[in-house]
>>> print(open('start.txt').read())   # compact mmCIF, C-alpha atoms
# COMPACT_ATOMS: atom_id res chain seq x y z
CA MET A 1 -10.87 -15.99 -2.42
CA PRO A 2 -10.13 -12.79 -4.34
CA ILE A 3 -9.78 -9.42 -2.63
CA THR A 4 -11.39 -6.56 -4.55
CA GLU A 5 -11.06 -2.96 -3.48
CA SER A 6 -10.74 0.33 -5.38
CA ALA A 7 -11.58 -1.42 -8.69
CA ILE A 8 -8.50 -3.66 -8.27
CA THR A 9 -8.65 -7.39 -7.63
CA LEU A 10 -5.94 -9.48 -6.01
CA GLU A 11 -6.11 -13.22 -6.73
CA PHE A 12 -3.19 -14.78 -4.91
CA PRO A 13 -2.08 -18.27 -6.01
CA ASP A 14 -2.64 -19.68 -2.51
CA GLU A 15 -4.42 -18.87 0.74
CA ASN A 16 -1.32 -17.47 2.44
CA TYR A 17 -2.66 -13.95 2.83
CA PHE A 18 -4.60 -11.86 5.31
CA ARG A 19 -5.92 -8.37 5.86
CA PHE A 20 -5.12 -6.31 8.93
CA GLU A 21 -8.62 -4.81 8.77
CA ASP A 22 -10.12 -8.25 9.45
CA CYS A 23 -7.92 -8.78 12.51
CA ALA A 24 -9.28 -7.95 15.98
CA ALA A 25 -5.72 -7.46 17.28
CA TYR A 26 -5.20 -4.73 14.67
CA LYS A 27 -8.55 -3.10 15.44
CA GLU A 28 -7.45 -2.69 19.08
CA LEU A 29 -4.59 -0.45 17.91
CA GLN A 30 -6.32 2.87 17.54
CA HIS A 31 -4.87 5.48 15.17
CA LEU A 32 -2.52 3.02 13.44
CA ARG A 33 -2.85 2.99 9.66
CA GLU A 34 -2.70 -0.26 7.70
CA MET A 35 -2.28 -1.40 4.14
CA ASP A 36 -4.98 -3.51 2.50
CA ALA A 37 -3.44 -6.97 2.11
CA CYS A 38 -0.43 -9.05 3.09
CA TRP A 39 0.53 -12.06 0.98
CA TYR A 40 3.43 -14.30 1.89
CA ASP A 41 5.10 -15.95 -1.11
CA GLN A 42 6.51 -18.83 0.89
CA ALA A 43 8.47 -20.37 -2.01
CA ASN A 44 10.52 -17.17 -2.42
CA ASN A 45 10.32 -15.93 1.20
CA ILE A 46 8.81 -12.61 0.08
CA LEU A 47 6.11 -10.75 1.95
CA TYR A 48 4.05 -8.44 -0.23
CA VAL A 49 2.27 -5.71 1.70
CA ILE A 50 -0.21 -4.06 -0.65
CA GLU A 51 -2.28 -0.88 -0.63
CA LEU A 52 -5.10 -0.43 -3.16
CA LYS A 53 -6.33 3.03 -4.15
CA ASN A 54 -8.85 4.32 -6.68
CA TRP A 55 -7.71 7.77 -7.77
CA GLU A 56 -9.10 7.47 -11.33
CA ASN A 57 -7.55 10.60 -12.91
CA ASN A 58 -6.15 14.03 -12.30
CA GLN A 59 -9.37 15.96 -13.01
CA LEU A 60 -11.29 17.88 -10.37
CA ILE A 61 -14.96 18.86 -10.41
CA GLU A 62 -13.75 22.34 -9.43
CA GLU A 63 -12.05 22.68 -12.82
CA ASN A 64 -15.51 23.13 -14.37
CA ASP A 65 -16.33 26.00 -12.02
CA SER A 66 -15.46 29.33 -13.65
CA ASN A 67 -15.42 30.98 -10.20
CA ILE A 68 -12.31 29.02 -9.24
CA SER A 69 -9.08 30.35 -10.70
CA PRO A 70 -6.40 28.16 -12.29
CA SER A 71 -4.04 29.01 -9.43
CA GLU A 72 -6.67 27.86 -6.91
CA ILE A 73 -7.09 24.62 -8.87
CA GLU A 74 -3.32 24.07 -8.78
CA GLU A 75 -3.29 24.68 -5.02
CA ILE A 76 -6.12 22.19 -4.51
CA LYS A 77 -4.26 19.59 -6.61
CA LYS A 78 -1.03 20.23 -4.69
CA ASN A 79 -2.82 19.69 -1.37
CA ILE A 80 -4.48 16.50 -2.65
CA SER A 81 -1.08 15.16 -3.73
CA LYS A 82 0.48 15.99 -0.34
CA SER A 83 -2.40 14.27 1.43
CA ARG A 84 -2.09 11.17 -0.77
CA ILE A 85 1.65 10.88 -0.17
CA LYS A 86 1.21 11.34 3.57
CA ASN A 87 -1.50 8.67 3.60
CA LEU A 88 0.66 6.14 1.71
CA VAL A 89 3.67 6.78 3.97
CA GLU A 90 1.59 6.47 7.17
CA LYS A 91 0.02 3.21 5.98
CA SER A 92 3.44 1.84 5.05
CA ILE A 93 4.95 2.74 8.42
CA GLY A 94 2.03 1.29 10.38
CA SER A 95 2.05 -1.94 8.40
CA ILE A 96 5.81 -2.40 8.69
CA CYS A 97 5.61 -1.82 12.44
CA MET A 98 2.96 -4.53 12.74
CA ILE A 99 4.98 -6.97 10.60
CA THR A 100 8.09 -6.23 12.69
CA SER A 101 6.05 -6.85 15.84
CA ILE A 102 5.11 -10.25 14.40
CA ILE A 103 8.73 -11.07 13.56
CA LEU A 104 9.92 -9.98 17.02
CA GLU A 105 7.19 -12.13 18.57
CA LYS A 106 5.87 -9.31 20.72
CA PRO A 107 2.55 -10.00 22.47
CA GLN A 108 0.45 -7.84 20.13
CA GLY A 109 2.45 -9.12 17.15
CA ASN A 110 1.65 -12.68 18.16
CA ARG A 111 -2.03 -11.76 18.34
CA ILE A 112 -1.84 -10.23 14.86
CA ARG A 113 0.02 -13.32 13.58
CA SER A 114 -2.90 -15.42 14.80
CA CYS A 115 -5.03 -13.68 12.15
CA ALA A 116 -2.68 -14.88 9.41
CA PRO A 117 -2.79 -18.33 7.80
CA MET A 118 -0.78 -21.22 9.24
CA ASN A 119 1.98 -20.97 6.58
CA PHE A 120 2.54 -17.27 7.24
CA ASN A 121 6.06 -17.87 8.55
CA VAL A 122 7.75 -14.52 8.03
CA ASP A 123 11.01 -13.98 9.88
CA ASN A 124 14.02 -11.68 9.82
CA THR A 125 15.21 -13.22 6.52
CA THR A 126 11.93 -12.50 4.73
CA GLN A 127 12.18 -9.91 1.98
CA VAL A 128 9.41 -7.31 2.29
CA LYS A 129 7.96 -5.55 -0.74
CA LEU A 130 5.54 -2.64 -0.32
CA LEU A 131 3.24 -2.01 -3.27
CA SER A 132 0.75 0.82 -3.52
CA ILE A 133 -1.38 -0.02 -6.55
CA ILE A 134 -3.42 2.86 -7.94
CA ASN A 135 -6.42 2.52 -10.21
CA TRP A 136 -5.44 5.35 -12.56
CA THR A 137 -7.54 5.81 -15.70
CA ASP A 138 -5.72 8.87 -17.04
CA THR A 139 -3.42 8.11 -19.97
CA ASP A 140 -0.82 10.47 -18.48
CA GLU A 141 0.99 8.40 -15.86
CA SER A 142 3.41 11.19 -14.92
CA TYR A 143 1.26 12.05 -11.89
CA ILE A 144 1.71 8.53 -10.48
CA SER A 145 5.41 8.70 -11.30
CA ASN A 146 5.68 11.96 -9.34
CA ILE A 147 3.75 10.48 -6.42
CA ASN A 148 6.07 7.46 -6.48
CA THR A 149 9.13 9.72 -6.38
CA ALA A 150 7.76 11.75 -3.46
CA TYR A 151 6.63 8.62 -1.59
CA ARG A 152 10.02 6.96 -2.04
CA SER A 153 11.76 10.09 -0.80
CA ARG A 154 9.56 10.31 2.32
CA PHE A 155 9.75 6.56 3.07
CA LYS A 156 13.47 6.11 2.28
CA ALA A 157 14.70 6.34 5.88
CA TYR A 158 12.14 3.76 7.05
CA ALA A 159 13.04 1.47 4.14
CA ARG A 160 16.67 1.69 5.15
CA LEU A 161 15.86 1.13 8.82
CA PHE A 162 13.83 -2.02 8.07
CA ASP A 163 15.99 -3.13 5.08
CA ILE A 164 13.12 -2.86 2.60
CA LYS A 165 14.50 -2.83 -0.93
CA ALA A 166 11.22 -2.64 -2.87
CA TYR A 167 8.66 0.05 -2.10
CA LEU A 168 6.77 1.79 -4.84
CA VAL A 169 3.59 3.35 -6.13
CA LEU A 170 2.42 1.99 -9.47
CA THR A 171 -0.66 2.02 -11.66
CA LYS A 172 -3.06 -0.90 -11.78
CA GLN A 173 -1.97 -1.50 -15.39
CA LYS A 174 1.72 -1.69 -14.45
CA ALA A 175 0.85 -4.00 -11.55
CA ILE A 176 -1.14 -6.28 -13.88
CA GLU A 177 1.87 -6.44 -16.20
CA SER A 178 4.24 -7.21 -13.30
CA PHE A 179 2.21 -9.59 -11.11
CA ASP A 180 -0.07 -12.33 -12.40
CA TRP A 181 -2.16 -12.10 -9.21
CA VAL A 182 -3.31 -8.51 -9.90
CA LYS A 183 -6.45 -8.19 -12.01
>>> encode(input="start.txt", output="structure tokens")
Amino acid sequence: MPITESAITLEFPDENYFRFEDCAAYKELQHLREMDACWYDQANNILYVIELKNWENNQLIEENDSNISPSEIEEIKKNISKSRIKNLVEKSIGSICMITSIILEKPQGNRIRSCAPMNFNVDNTTQVKLLSIINWTDTDESYISNINTAYRSRFKAYARLFDIKAYLVLTKQKAIESFDWVK
């Protein structure tokens, strides 16, 4: 069954996926952020943890308001970018903590694992890949590139701590080109 959110559809080749948001054990953990989908590619022992966002473009309604100065617009955009990066990092950290809890077979981790399919056999040898896929309709992709750079910088210590080699922010179009299960 496809997962569609933020104008992005994920159609995994098998049923070996789940969503934290559908899991009662996750819902009990107040104030913990989660990413949108986890798919375990059992054949390659890779766990994809995926966030889907619809940011559309870099235009603000405020830009059409002549009472708002260009410097104010830039400040608004800067704050939006900071907020987006913080959100992606928090969701990544929360999701990795839950996956680690599953791998370590902690009580709450076991309860979260029970929400996953039977073949969701992640362990300490599983390679984890974090993907934040952004529906970005602007032809200028430099904004997403800059967000990716900032996200990677902020998440780098956690990636090192949990031995995560792949963690990135990419456009929907780049994701479609890279993964046949992104539509």
>>> residues_around(input="start.txt", residues="stretch 125-127 of chain A", least_positions_apart="4", cutoff="12 Å", atoms="all atoms listed in the file", output="list in words")
Trp39, Tyr40, Asp41, Gln42, Ala43, Asn44, Asn45, Ile46, Leu47, Tyr48, Val49, Ile96, Ile99, Thr100, Ile103, Phe120, Asn121, Ala159, Phe162, Asp163, Ile164, Lys165, Ala166 and Tyr167 of chain A
>>> write_last_selection(input="start.txt", atoms="C-alpha atoms", output="tab-separated table (two decimals), in the frame of the given file")
chain	number	residue	atom	x	y	z
A	39	TRP	CA	0.53	-12.06	0.98
A	40	TYR	CA	3.43	-14.30	1.89
A	41	ASP	CA	5.10	-15.95	-1.11
A	42	GLN	CA	6.51	-18.83	0.89
A	43	ALA	CA	8.47	-20.37	-2.01
A	44	ASN	CA	10.52	-17.17	-2.42
A	45	ASN	CA	10.32	-15.93	1.20
A	46	ILE	CA	8.81	-12.61	0.08
A	47	LEU	CA	6.11	-10.75	1.95
A	48	TYR	CA	4.05	-8.44	-0.23
A	49	VAL	CA	2.27	-5.71	1.70
A	96	ILE	CA	5.81	-2.40	8.69
A	99	ILE	CA	4.98	-6.97	10.60
A	100	THR	CA	8.09	-6.23	12.69
A	103	ILE	CA	8.73	-11.07	13.56
A	120	PHE	CA	2.54	-17.27	7.24
A	121	ASN	CA	6.06	-17.87	8.55
A	159	ALA	CA	13.04	1.47	4.14
A	162	PHE	CA	13.83	-2.02	8.07
A	163	ASP	CA	15.99	-3.13	5.08
A	164	ILE	CA	13.12	-2.86	2.60
A	165	LYS	CA	14.50	-2.83	-0.93
A	166	ALA	CA	11.22	-2.64	-2.87
A	167	TYR	CA	8.66	0.05	-2.10
>>> closest_residue(input="start.txt", among="A:Lys77, A:Lys53, A:Arg111, A:Arg154", to="A:Glu28", atoms="all atoms listed in the file")
A:Arg111
>>> closest_residue(input="start.txt", among="A:Ser101, A:Gln173, A:Ser142, A:Ser178", to="A:Ala25", atoms="all atoms listed in the file")
A:Ser101
>>> closest_residue(input="start.txt", among="A:Cys38, A:Ile85, A:Ile102, A:Ile61", to="A:Ser114", atoms="only C-alpha atoms")
A:Ile102
>>> atom_distance(input="start.txt", atom1="atom CA of A:Leu130", atom2="atom CA of A:Arg84")
15.8 Å
>>> closest_residue(input="start.txt", among="A:Asp36, A:Glu5, A:Glu15, A:Asp140", to="A:Gln59", atoms="all atoms listed in the file")
A:Asp140
>>> residues_around(input="start.txt", residues="A:Ile133", least_positions_apart="6", cutoff="12 Å", atoms="only C-alpha atoms", output="VMD selection string")
chain A and resid 5 to 10 35 to 37 48 to 56 88 144 147 to 148 167 to 176 178 to 179 182 to 183
>>> write_last_selection(input="start.txt", atoms="C-alpha atoms", output="CSV table (one decimal), keeping the file's coordinate frame")
chain,number,residue,atom,x,y,z
A,5,GLU,CA,-11.1,-3.0,-3.5
A,6,SER,CA,-10.7,0.3,-5.4
A,7,ALA,CA,-11.6,-1.4,-8.7
A,8,ILE,CA,-8.5,-3.7,-8.3
A,9,THR,CA,-8.6,-7.4,-7.6
A,10,LEU,CA,-5.9,-9.5,-6.0
A,35,MET,CA,-2.3,-1.4,4.1
A,36,ASP,CA,-5.0,-3.5,2.5
A,37,ALA,CA,-3.4,-7.0,2.1
A,48,TYR,CA,4.0,-8.4,-0.2
A,49,VAL,CA,2.3,-5.7,1.7
A,50,ILE,CA,-0.2,-4.1,-0.6
A,51,GLU,CA,-2.3,-0.9,-0.6
A,52,LEU,CA,-5.1,-0.4,-3.2
A,53,LYS,CA,-6.3,3.0,-4.2
A,54,ASN,CA,-8.8,4.3,-6.7
A,55,TRP,CA,-7.7,7.8,-7.8
A,56,GLU,CA,-9.1,7.5,-11.3
A,88,LEU,CA,0.7,6.1,1.7
A,144,ILE,CA,1.7,8.5,-10.5
A,147,ILE,CA,3.8,10.5,-6.4
A,148,ASN,CA,6.1,7.5,-6.5
A,167,TYR,CA,8.7,0.0,-2.1
A,168,LEU,CA,6.8,1.8,-4.8
A,169,VAL,CA,3.6,3.4,-6.1
A,170,LEU,CA,2.4,2.0,-9.5
A,171,THR,CA,-0.7,2.0,-11.7
A,172,LYS,CA,-3.1,-0.9,-11.8
A,173,GLN,CA,-2.0,-1.5,-15.4
A,174,LYS,CA,1.7,-1.7,-14.4
A,175,ALA,CA,0.8,-4.0,-11.6
A,176,ILE,CA,-1.1,-6.3,-13.9
A,178,SER,CA,4.2,-7.2,-13.3
A,179,PHE,CA,2.2,-9.6,-11.1
A,182,VAL,CA,-3.3,-8.5,-9.9
A,183,LYS,CA,-6.4,-8.2,-12.0
>>> closest_residue(input="start.txt", among="A:Leu60, A:Ala116, A:Ile93, A:Ile134", to="A:Cys23", atoms="all atoms listed in the file")
A:Ala116
>>> atom_distance(input="start.txt", atom1="atom CA of A:Tyr151", atom2="atom CA of A:Arg19")
22.4 Å
